[in-house]
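**Q** Compact mmCIF, C-alpha atoms and all ligand atoms, file model07.txt:
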```txt
# COMPACT_ATOMS: atom_id res chain seq x y z
CA MET A 28 117.90 83.70 143.31
CA ILE A 29 114.82 83.10 141.15
CA GLU A 30 114.59 79.78 139.39
CA ILE A 31 111.69 79.19 137.01
CA ILE A 32 111.13 75.57 136.09
CA ASN A 33 108.80 74.44 133.33
CA LEU A 34 106.29 77.14 134.17
CA ARG A 35 103.01 77.08 132.32
CA LYS A 36 99.82 79.09 132.39
CA LYS A 37 96.65 78.48 130.51
CA PHE A 38 93.86 81.00 130.05
CA GLY A 39 90.80 79.31 128.59
CA ASN A 40 92.26 76.77 126.22
CA ARG A 41 95.27 78.86 125.31
CA TRP A 42 98.72 78.40 126.80
CA ILE A 43 100.33 81.74 127.55
CA THR A 44 103.51 80.56 129.24
CA ASN A 45 104.21 77.09 127.95
CA GLY A 46 107.28 75.65 129.63
CA VAL A 47 109.34 78.64 130.74
CA ASN A 48 112.75 77.70 132.13
CA LEU A 49 114.88 80.55 133.40
CA GLU A 50 117.40 81.25 136.13
CA ILE A 51 117.43 84.88 137.17
CA PRO A 52 120.75 85.79 138.80
CA LYS A 53 120.86 87.48 142.18
CA ASN A 54 121.71 91.17 142.50
CA LYS A 55 121.70 91.64 138.72
CA MET A 56 119.33 93.21 136.24
CA THR A 57 117.68 90.78 133.84
CA VAL A 58 115.53 92.09 131.00
CA ILE A 59 112.75 90.04 129.47
CA ILE A 60 111.97 90.95 125.88
CA GLY A 61 109.34 89.65 123.52
CA ARG A 62 106.53 90.80 121.29
CA SER A 63 103.32 92.34 122.55
CA GLY A 64 100.89 89.75 123.80
CA GLU A 65 103.54 87.03 124.22
CA GLY A 66 102.84 86.83 127.93
CA LYS A 67 105.59 88.92 129.50
CA SER A 68 103.27 90.57 132.00
CA VAL A 69 101.70 87.19 132.74
CA LEU A 70 105.18 85.76 133.39
CA LEU A 71 106.08 88.62 135.78
CA LYS A 72 102.82 88.14 137.65
CA GLN A 73 103.50 84.41 137.89
CA ILE A 74 106.93 85.11 139.38
CA ILE A 75 105.31 87.03 142.20
CA GLY A 76 102.32 84.69 142.53
CA LEU A 77 99.72 87.27 141.45
CA ILE A 78 98.76 84.83 138.71
CA LYS A 79 98.70 81.20 139.75
CA ALA A 80 100.71 78.88 137.53
CA THR A 81 98.85 76.02 135.85
CA SER A 82 101.99 73.94 136.41
CA GLY A 83 105.69 74.34 137.05
CA LYS A 84 107.76 75.94 139.78
CA VAL A 85 109.02 79.37 140.73
CA ILE A 86 111.73 79.01 143.35
CA VAL A 87 112.65 82.19 145.20
CA ASP A 88 115.43 81.82 147.76
CA GLY A 89 114.82 78.09 147.93
CA VAL A 90 111.03 78.36 148.33
CA ASP A 91 108.63 77.25 145.59
CA ILE A 92 106.11 80.09 145.60
CA THR A 93 103.60 78.17 143.48
CA LYS A 94 103.01 75.91 146.50
CA LEU A 95 102.35 78.67 149.01
CA ASN A 96 98.97 79.54 150.47
CA GLU A 97 97.77 83.16 150.67
CA THR A 98 99.25 83.85 154.12
CA GLU A 99 102.64 82.45 153.16
CA LEU A 100 102.54 84.40 149.89
CA GLN A 101 101.85 87.64 151.79
CA LYS A 102 105.06 87.05 153.75
CA MET A 103 106.97 86.42 150.55
CA TYR A 104 105.65 89.68 149.07
CA LYS A 105 107.84 91.56 151.57
CA LYS A 106 110.84 90.59 149.45
CA PHE A 107 109.21 91.87 146.26
CA GLY A 108 108.51 95.19 144.69
CA TYR A 109 106.36 95.42 141.59
CA VAL A 110 106.35 98.40 139.26
CA PHE A 111 103.22 98.07 137.17
CA GLN A 112 102.97 98.54 133.42
CA PHE A 113 100.85 101.67 133.81
CA ALA A 114 102.11 103.27 137.06
CA ALA A 115 98.79 102.17 138.65
CA LEU A 116 98.51 105.09 141.04
CA LEU A 117 95.23 105.62 142.82
CA ASP A 118 93.71 108.77 141.32
CA SER A 119 91.85 109.82 144.45
CA LEU A 120 95.01 109.76 146.58
CA ASN A 121 97.82 112.27 146.46
CA VAL A 122 101.47 111.29 145.97
CA LEU A 123 102.18 111.07 149.69
CA GLU A 124 99.20 108.78 150.19
CA ASN A 125 99.97 106.68 147.13
CA ILE A 126 103.54 106.06 148.25
CA GLY A 127 102.81 105.78 151.96
CA LEU A 128 99.77 103.53 151.63
CA THR A 129 101.66 100.26 152.04
CA LEU A 130 103.29 101.56 155.23
CA LEU A 131 99.89 102.52 156.61
CA GLU A 132 98.43 99.14 155.69
CA HIS A 133 101.26 96.92 156.84
CA ASN A 134 102.59 98.54 159.99
CA ASN A 135 101.20 100.81 162.63
CA MET A 136 103.69 103.48 161.73
CA PRO A 137 103.17 107.04 162.99
CA MET A 138 102.36 109.59 160.29
CA GLU A 139 105.57 111.63 160.84
CA GLU A 140 107.63 108.49 160.25
CA ILE A 141 105.68 107.68 157.07
CA ILE A 142 106.18 111.22 155.75
CA LYS A 143 109.90 110.99 156.48
CA ILE A 144 110.26 107.71 154.54
CA VAL A 145 108.15 109.00 151.65
CA ARG A 146 110.27 112.17 151.43
CA GLU A 147 113.43 110.07 151.37
CA LYS A 148 112.12 107.89 148.51
CA ILE A 149 110.89 110.96 146.61
CA SER A 150 114.42 112.34 146.58
CA LEU A 151 115.87 108.93 145.66
CA VAL A 152 113.85 109.02 142.43
CA ASN A 153 114.85 112.66 141.83
CA LEU A 154 111.45 114.22 142.30
CA LYS A 155 110.89 117.53 144.07
CA GLN A 156 109.34 117.46 147.52
CA GLU A 157 106.50 119.78 146.46
CA ILE A 158 105.06 116.90 144.46
CA LEU A 159 103.95 115.25 147.71
CA TYR A 160 100.51 116.83 147.80
CA LYS A 161 99.78 116.63 144.09
CA TYR A 162 97.30 114.16 142.60
CA PRO A 163 98.18 111.70 139.79
CA ASN A 164 96.22 113.69 137.16
CA GLU A 165 98.53 116.66 137.85
CA LEU A 166 101.64 114.64 137.00
CA SER A 167 103.33 113.84 133.70
CA GLY A 168 103.83 110.23 132.60
CA GLY A 169 107.48 110.29 133.65
CA MET A 170 106.63 111.66 137.08
CA LYS A 171 103.99 108.96 137.55
CA LYS A 172 106.51 106.25 136.68
CA ARG A 173 108.93 107.67 139.24
CA VAL A 174 106.20 107.88 141.88
CA GLY A 175 105.44 104.21 141.09
CA LEU A 176 109.11 103.38 141.64
CA ALA A 177 109.23 105.39 144.88
CA ARG A 178 106.18 103.49 146.11
CA THR A 179 107.97 100.21 145.41
CA LEU A 180 111.14 101.34 147.20
CA VAL A 181 109.23 102.16 150.38
CA ARG A 182 109.32 98.55 151.48
CA ASN A 183 113.03 98.06 150.73
CA PRO A 184 112.47 95.09 148.42
CA GLU A 185 115.20 92.57 147.63
CA ILE A 186 113.64 91.90 144.23
CA ILE A 187 111.96 94.45 141.96
CA LEU A 188 109.86 93.43 138.99
CA TYR A 189 109.34 96.22 136.49
CA ASP A 190 106.71 95.98 133.77
CA GLU A 191 107.63 98.35 130.92
CA PRO A 192 109.05 101.12 133.09
CA THR A 193 109.77 103.50 130.20
CA THR A 194 106.93 102.87 127.77
CA GLY A 195 105.42 106.16 126.67
CA LEU A 196 108.31 108.27 127.96
CA ASP A 197 110.55 110.49 125.83
CA PRO A 198 114.16 109.30 125.33
CA ILE A 199 115.60 111.68 127.91
CA THR A 200 113.09 110.79 130.61
CA SER A 201 113.55 107.11 129.72
CA ARG A 202 117.25 107.51 130.28
CA ILE A 203 116.66 109.10 133.68
CA VAL A 204 114.37 106.20 134.66
CA HIS A 205 116.94 103.63 133.42
CA GLU A 206 119.74 105.31 135.35
CA LEU A 207 117.58 105.35 138.46
CA MET A 208 116.81 101.65 138.11
CA ALA A 209 120.48 100.77 137.62
CA ASP A 210 121.49 103.02 140.50
CA MET A 211 118.94 101.46 142.90
CA GLN A 212 119.93 98.00 141.83
CA LYS A 213 123.62 98.58 142.51
CA ARG A 214 123.20 100.70 145.60
CA PHE A 215 120.81 98.36 147.40
CA GLN A 216 121.90 95.06 145.80
CA ILE A 217 118.47 94.53 144.31
CA THR A 218 117.66 91.70 141.95
CA SER A 219 115.78 93.38 139.11
CA VAL A 220 113.60 91.73 136.49
CA VAL A 221 112.50 94.15 133.80
CA VAL A 222 110.03 93.63 130.99
CA SER A 223 110.85 96.21 128.37
CA HIS A 224 110.55 97.04 124.68
CA ASP A 225 113.11 99.77 125.02
CA VAL A 226 116.42 98.68 123.48
CA GLU A 227 118.24 101.38 125.47
CA ILE A 228 117.79 99.21 128.56
CA PHE A 229 120.54 96.86 127.29
CA LYS A 230 123.08 99.51 128.32
CA TYR A 231 122.01 99.17 131.93
CA ALA A 232 121.07 95.49 132.17
CA ASP A 233 123.28 92.49 132.91
CA TYR A 234 121.26 89.75 131.19
CA VAL A 235 118.59 89.43 128.51
CA ALA A 236 115.96 86.70 128.13
CA LEU A 237 113.71 86.47 125.09
CA LEU A 238 110.20 85.06 125.44
CA ASN A 239 108.46 83.72 122.37
CA ALA A 240 105.48 81.41 121.99
CA GLY A 241 105.47 80.67 125.69
CA LYS A 242 109.15 79.71 126.02
CA ILE A 243 112.50 81.35 126.67
CA ARG A 244 114.37 81.23 123.35
CA TYR A 245 117.51 82.99 124.49
CA PHE A 246 119.34 83.94 127.65
CA GLY A 247 122.65 85.77 127.58
CA GLU A 248 124.63 88.80 128.63
CA ALA A 249 123.20 92.20 127.72
CA LYS A 250 126.58 93.60 126.67
CA ASP A 251 126.75 91.10 123.78
CA ILE A 252 123.19 91.56 122.62
CA TRP A 253 123.92 93.59 119.45
CA GLU A 254 126.48 91.00 118.33
CA CYS A 255 124.22 88.09 119.24
CA ASP A 256 123.38 85.77 116.33
CA ASN A 257 120.48 84.00 118.00
CA PRO A 258 117.83 84.35 115.27
CA TYR A 259 115.06 85.39 117.66
CA VAL A 260 117.19 88.10 119.26
CA TYR A 261 118.53 89.23 115.88
CA GLN A 262 115.04 89.71 114.49
CA PHE A 263 113.51 91.21 117.60
CA ILE A 264 115.96 93.93 118.53
CA ARG A 265 116.17 95.16 114.95
CA GLY A 266 112.42 94.95 114.41
CA LEU A 267 112.81 92.83 111.27
CA ALA A 268 109.79 91.43 109.46
CA ASN A 269 111.59 88.21 108.61
CA GLY A 270 112.81 85.75 111.18
CA PRO A 271 111.73 82.83 113.33
CA MET A 272 109.07 84.89 115.11
CA GLY A 273 107.20 85.62 111.89
CA VAL A 274 105.13 88.74 111.77
CA ASP A 275 101.61 87.73 112.68
CA THR A 276 101.66 84.14 113.77
CA PRO A 277 103.63 82.45 116.52
CA VAL A 278 106.01 79.81 115.11
CA ASP A 279 105.54 77.08 117.65
CA PRO A 280 102.55 75.08 116.38
CA SER A 281 101.75 73.91 119.92
CA TYR A 282 101.32 77.50 121.02
CA GLY A 283 97.77 78.38 121.79
CA GLN A 284 96.60 74.81 121.33
CA GLU A 285 94.87 72.58 123.81
CA GLU A 286 97.45 70.25 125.31
CA ASP A 287 97.59 67.59 127.99
CA LEU A 288 99.59 68.40 131.09
N1 LIG A 301 93.71 87.47 133.48
C1 LIG A 301 93.71 87.06 132.21
N2 LIG A 301 92.72 86.30 131.74
C2 LIG A 301 92.71 85.85 130.47
N3 LIG A 301 93.69 86.13 129.58
C3 LIG A 301 94.71 86.88 129.98
C4 LIG A 301 94.79 87.39 131.32
N4 LIG A 301 95.94 88.10 131.44
C5 LIG A 301 96.53 88.05 130.24
N5 LIG A 301 95.80 87.32 129.37
C6 LIG A 301 96.16 87.03 127.97
O1 LIG A 301 97.49 86.57 127.95
C7 LIG A 301 98.15 87.03 126.78
C8 LIG A 301 99.46 87.65 127.16
O2 LIG A 301 99.23 88.86 127.84
P1 LIG A 301 100.37 89.75 128.47
O3 LIG A 301 99.69 90.94 129.04
O4 LIG A 301 101.20 88.94 129.38
O5 LIG A 301 101.23 90.15 127.20
P2 LIG A 301 102.54 91.05 127.13
O6 LIG A 301 103.62 90.22 126.54
O7 LIG A 301 102.79 91.65 128.47
O8 LIG A 301 102.11 92.17 126.09
P3 LIG A 301 102.47 93.75 126.06
O9 LIG A 301 103.88 93.82 125.55
O10 LIG A 301 101.49 94.29 125.07
O11 LIG A 301 102.30 94.29 127.44
C9 LIG A 301 97.21 87.97 126.09
O12 LIG A 301 96.60 87.29 125.01
C10 LIG A 301 96.17 88.30 127.15
O13 LIG A 301 94.94 88.56 126.58
MG MG A 302 102.67 93.54 129.25
```
Using structure tokens, write down the structure from this file.
**A**
Amino acid sequence: MIEIINLRKKFGNRWITNGVNLEIPKNKMTVIIGRSGEGKSVLLKQIIGLIKATSGKVIVDGVDITKLNETELQKMYKKFGYVFQFAALLDSLNVLENIGLTLLEHNNMPMEEIIKIVREKISLVNLKQEILYKYPNELSGGMKKRVGLARTLVRNPEIILYDEPTTGLDPITSRIVHELMADMQKRFQITSVVVSHDVEIFKYADYVALLNAGKIRYFGEAKDIWECDNPYVYQFIRGLANGPMGVDTPVDPSYGQEEDL
């Protein structure tokens, strides 16, 4: 469903993604792991076209999104949902407004209809209806994450990209969020791409990809991950100091260097 071919992105003179090749299977959950600052969020944003690639392709349902203009991209966005790293709710809007905003912006939907859809999504993410008129600063971190997910579900996306959906949540709330994600994915046949540092996600995911120094170093099934002997995976999921990723410095000497395209 999503095919990433030799994708690269340079900020200043530093390559963040530096030749990412990855096939993300349809209707499955794929988790992208990697150390902080490796460019996981940049990669997610490149998949959806929020960050323009320096070179390479991102093919979604046969269309290379790196070649699209703004209008064509807007159309493509209908397929996508994006759950941001930090919920990204608008503080001056209540939950109803935060979730319903995209419906207001994109269609001329009557208010009663919007409220009905928002209520439906609120119950999908197991939140109580009374939350509707609360403001983000009245919500806990876990509630905000679920509101963020509800907002994404409003547009019935075929693909959902999640950036660290459980960071900062306690283990029980994390589990609830993971179960919700897995449930949505199965129930609505959603292709999910999840950036996460939370090793519990492997229980819910189908595939794991590891990003290091701008490249995918491993792709395989999530169920085998704890038996996996790929040295990057082995080091990363156990948090070991020794391994190919080093502790402070990226291993690939070309990483972060000026390079000809
Ligand atoms: N818009 C931007 N302009 C310049 N540099 C950027 C931009 N966005 C990201 N970067 C740089 O790209 C690198 C990768 O950032 P990114 O946020 O993708 O990391 P990450 O893997 O998601 O980290 P974390 O796990 O901490 O969220 C960082 O060095 C960051 O400073
Ligand atoms: Mg990030």
**Q** For A:Asp233, list every protein, DNA or RNA residue within 12 Å, evaluated using only C-alpha atoms, and leave out those in the same chain fewer than 6 positions away; present the list as JSON, numbers by chain.
**A** {"A": [51, 52, 53, 54, 55, 56, 57, 58, 59, 209, 212, 213, 218, 219, 220, 221, 246, 247, 248, 249, 250, 251, 252]}
**Q** Residues within 8 Å of ligand LIG 301 (chain A) (all atoms listed in the file), as a list in words?
**A**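 For ligand LIG 301 (chain A), the residues inside 8 Å are Phe38, Gly39, Ile43, Gly61, Arg62, Ser63, Gly64, Glu65, Gly66, Lys67, Ser68, Val69, Leu70, Ile78, Gln112, Asp190, Glu191, Val222, Ser223 and His224 of chain A.
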**Q** Skip A:Leu130 itself and residues of its chain fewer than 2 positions away, then list as an MDAnalysis selection string all residues within 12 Å of it, counting only C-alpha atoms.
**A** chainID A and resid 105 123:128 132:145 178:183
**Q** Produce a file of the selected residues containing C-alpha atoms, as a compact mmCIF listing (two decimals), in the coordinates of the input.
**A**
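What landed in selection.txt:
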```txt
# COMPACT_ATOMS: atom_id res chain seq x y z
CA LYS A 105 107.84 91.56 151.57
CA LEU A 123 102.18 111.07 149.69
CA GLU A 124 99.20 108.78 150.19
CA ASN A 125 99.97 106.68 147.13
CA ILE A 126 103.54 106.06 148.25
CA GLY A 127 102.81 105.78 151.96
CA LEU A 128 99.77 103.53 151.63
CA GLU A 132 98.43 99.14 155.69
CA HIS A 133 101.26 96.92 156.84
CA ASN A 134 102.59 98.54 159.99
CA ASN A 135 101.20 100.81 162.63
CA MET A 136 103.69 103.48 161.73
CA PRO A 137 103.17 107.04 162.99
CA MET A 138 102.36 109.59 160.29
CA GLU A 139 105.57 111.63 160.84
CA GLU A 140 107.63 108.49 160.25
CA ILE A 141 105.68 107.68 157.07
CA ILE A 142 106.18 111.22 155.75
CA LYS A 143 109.90 110.99 156.48
CA ILE A 144 110.26 107.71 154.54
CA VAL A 145 108.15 109.00 151.65
CA ARG A 178 106.18 103.49 146.11
CA THR A 179 107.97 100.21 145.41
CA LEU A 180 111.14 101.34 147.20
CA VAL A 181 109.23 102.16 150.38
CA ARG A 182 109.32 98.55 151.48
CA ASN A 183 113.03 98.06 150.73
```
**Q** Between A:His205, A:Arg35, A:Arg214, A:Lys161, which residue has the minimum interatomic distance to A:Lys242, considering all atoms listed in the file?
**A**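 When distances to A:Lys242 are compared using all atoms listed in the file, the smallest one comes from A:Arg35.
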**Q** Quick one: pull the distance between atom CA of A:Met28 and atom CA of A:Tyr245, Å, one decimal.
**A**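 Between atom CA of A:Met28 and atom CA of A:Tyr245 the gap is 18.8 Å.
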**Q** Just how far from atom CA of A:Thr193 is atom CA of A:Val85, in Å to one decimal?
**A** 26.3 Å
**Q** Counting all atoms listed in the file, select every polymer residue within 10 Å of (109.1, 93.7, 140.2) as defined in the file's coordinates, and provide the selection as a tab-separated table (two decimals) with C-alpha atoms, in the coordinates of the input.
**A**
```tsv
chain	number	residue	atom	x	y	z
A	71	LEU	CA	106.08	88.62	135.78
A	72	LYS	CA	102.82	88.14	137.65
A	74	ILE	CA	106.93	85.11	139.38
A	75	ILE	CA	105.31	87.03	142.20
A	106	LYS	CA	110.84	90.59	149.45
A	107	PHE	CA	109.21	91.87	146.26
A	108	GLY	CA	108.51	95.19	144.69
A	109	TYR	CA	106.36	95.42	141.59
A	110	VAL	CA	106.35	98.40	139.26
A	111	PHE	CA	103.22	98.07	137.17
A	176	LEU	CA	109.11	103.38	141.64
A	179	THR	CA	107.97	100.21	145.41
A	184	PRO	CA	112.47	95.09	148.42
A	185	GLU	CA	115.20	92.57	147.63
A	186	ILE	CA	113.64	91.90	144.23
A	187	ILE	CA	111.96	94.45	141.96
A	188	LEU	CA	109.86	93.43	138.99
A	189	TYR	CA	109.34	96.22	136.49
A	190	ASP	CA	106.71	95.98	133.77
A	218	THR	CA	117.66	91.70	141.95
A	219	SER	CA	115.78	93.38	139.11
A	220	VAL	CA	113.60	91.73	136.49
A	221	VAL	CA	112.50	94.15	133.80
A	222	VAL	CA	110.03	93.63	130.99
```
**Q** Any idea what's packed within 10 Å of A:Leu207, counting only C-alpha atoms, ignoring anything in its chain fewer than 4 positions away? Could you give it as a count of residues only?
**A** 11
**Q** What's around A:Leu196 at 10 Å? Count all atoms listed in the file, leave out sequence neighbours fewer than 5 positions away in its own chain, and write the answer as a list in words.
**A**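 Returned residues: Ser167, Gly168, Gly169, Met170, Lys172, Ser201, Arg202 and Val204 of chain A.
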**Q** One decimal, Å: what's the distance from atom CA of A:Asn45 over to atom CA of A:Leu238, could you say?
**A**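 That distance, rounded to one decimal, is 10.3 Å.
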**Q** Return the padded bounding box of stretch 264-271 of chain A as JSON: axis-aligned, built from all atoms listed in the file, 3 Å added on each side, with centre and edge lengths in Å to one decimal.
**A**
```
{"center_x": 113.0, "center_y": 89.0, "center_z": 113.6, "size_x": 12.4, "size_y": 18.3, "size_z": 15.9}
```
**Q** I'd like to know which of A:Cys255, A:Ile31, A:Leu166, A:Ile60 is closest to ligand MG 302 (chain A), using all atoms listed in the file.
**A**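 Among the listed residues, A:Ile60 lies closest to ligand MG 302 (chain A).
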**Q** With distances taken over all atoms listed in the file, which of A:Asn121, A:Asn48, A:Asn269, A:Thr194 is nearest to ligand MG 302 (chain A)?
**A**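 Under the stated criterion, the closest residue is A:Thr194.
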**Q** Just checking: using only C-alpha atoms, which residue out of A:Ala236, A:Ile217, A:Val174, A:Ala80 ends up closest to A:Ser150?
**A**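 Using only C-alpha atoms, the shortest distance to A:Ser150 belongs to A:Val174.
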**Q** Counting only C-alpha atoms and all ligand atoms, which of A:Ile243, A:Gln216, A:Arg41, A:Pro192 gets nearest to ligand MG 302 (chain A)?
**A**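 Ranked by minimum distance to ligand MG 302 (chain A), first place goes to A:Pro192.
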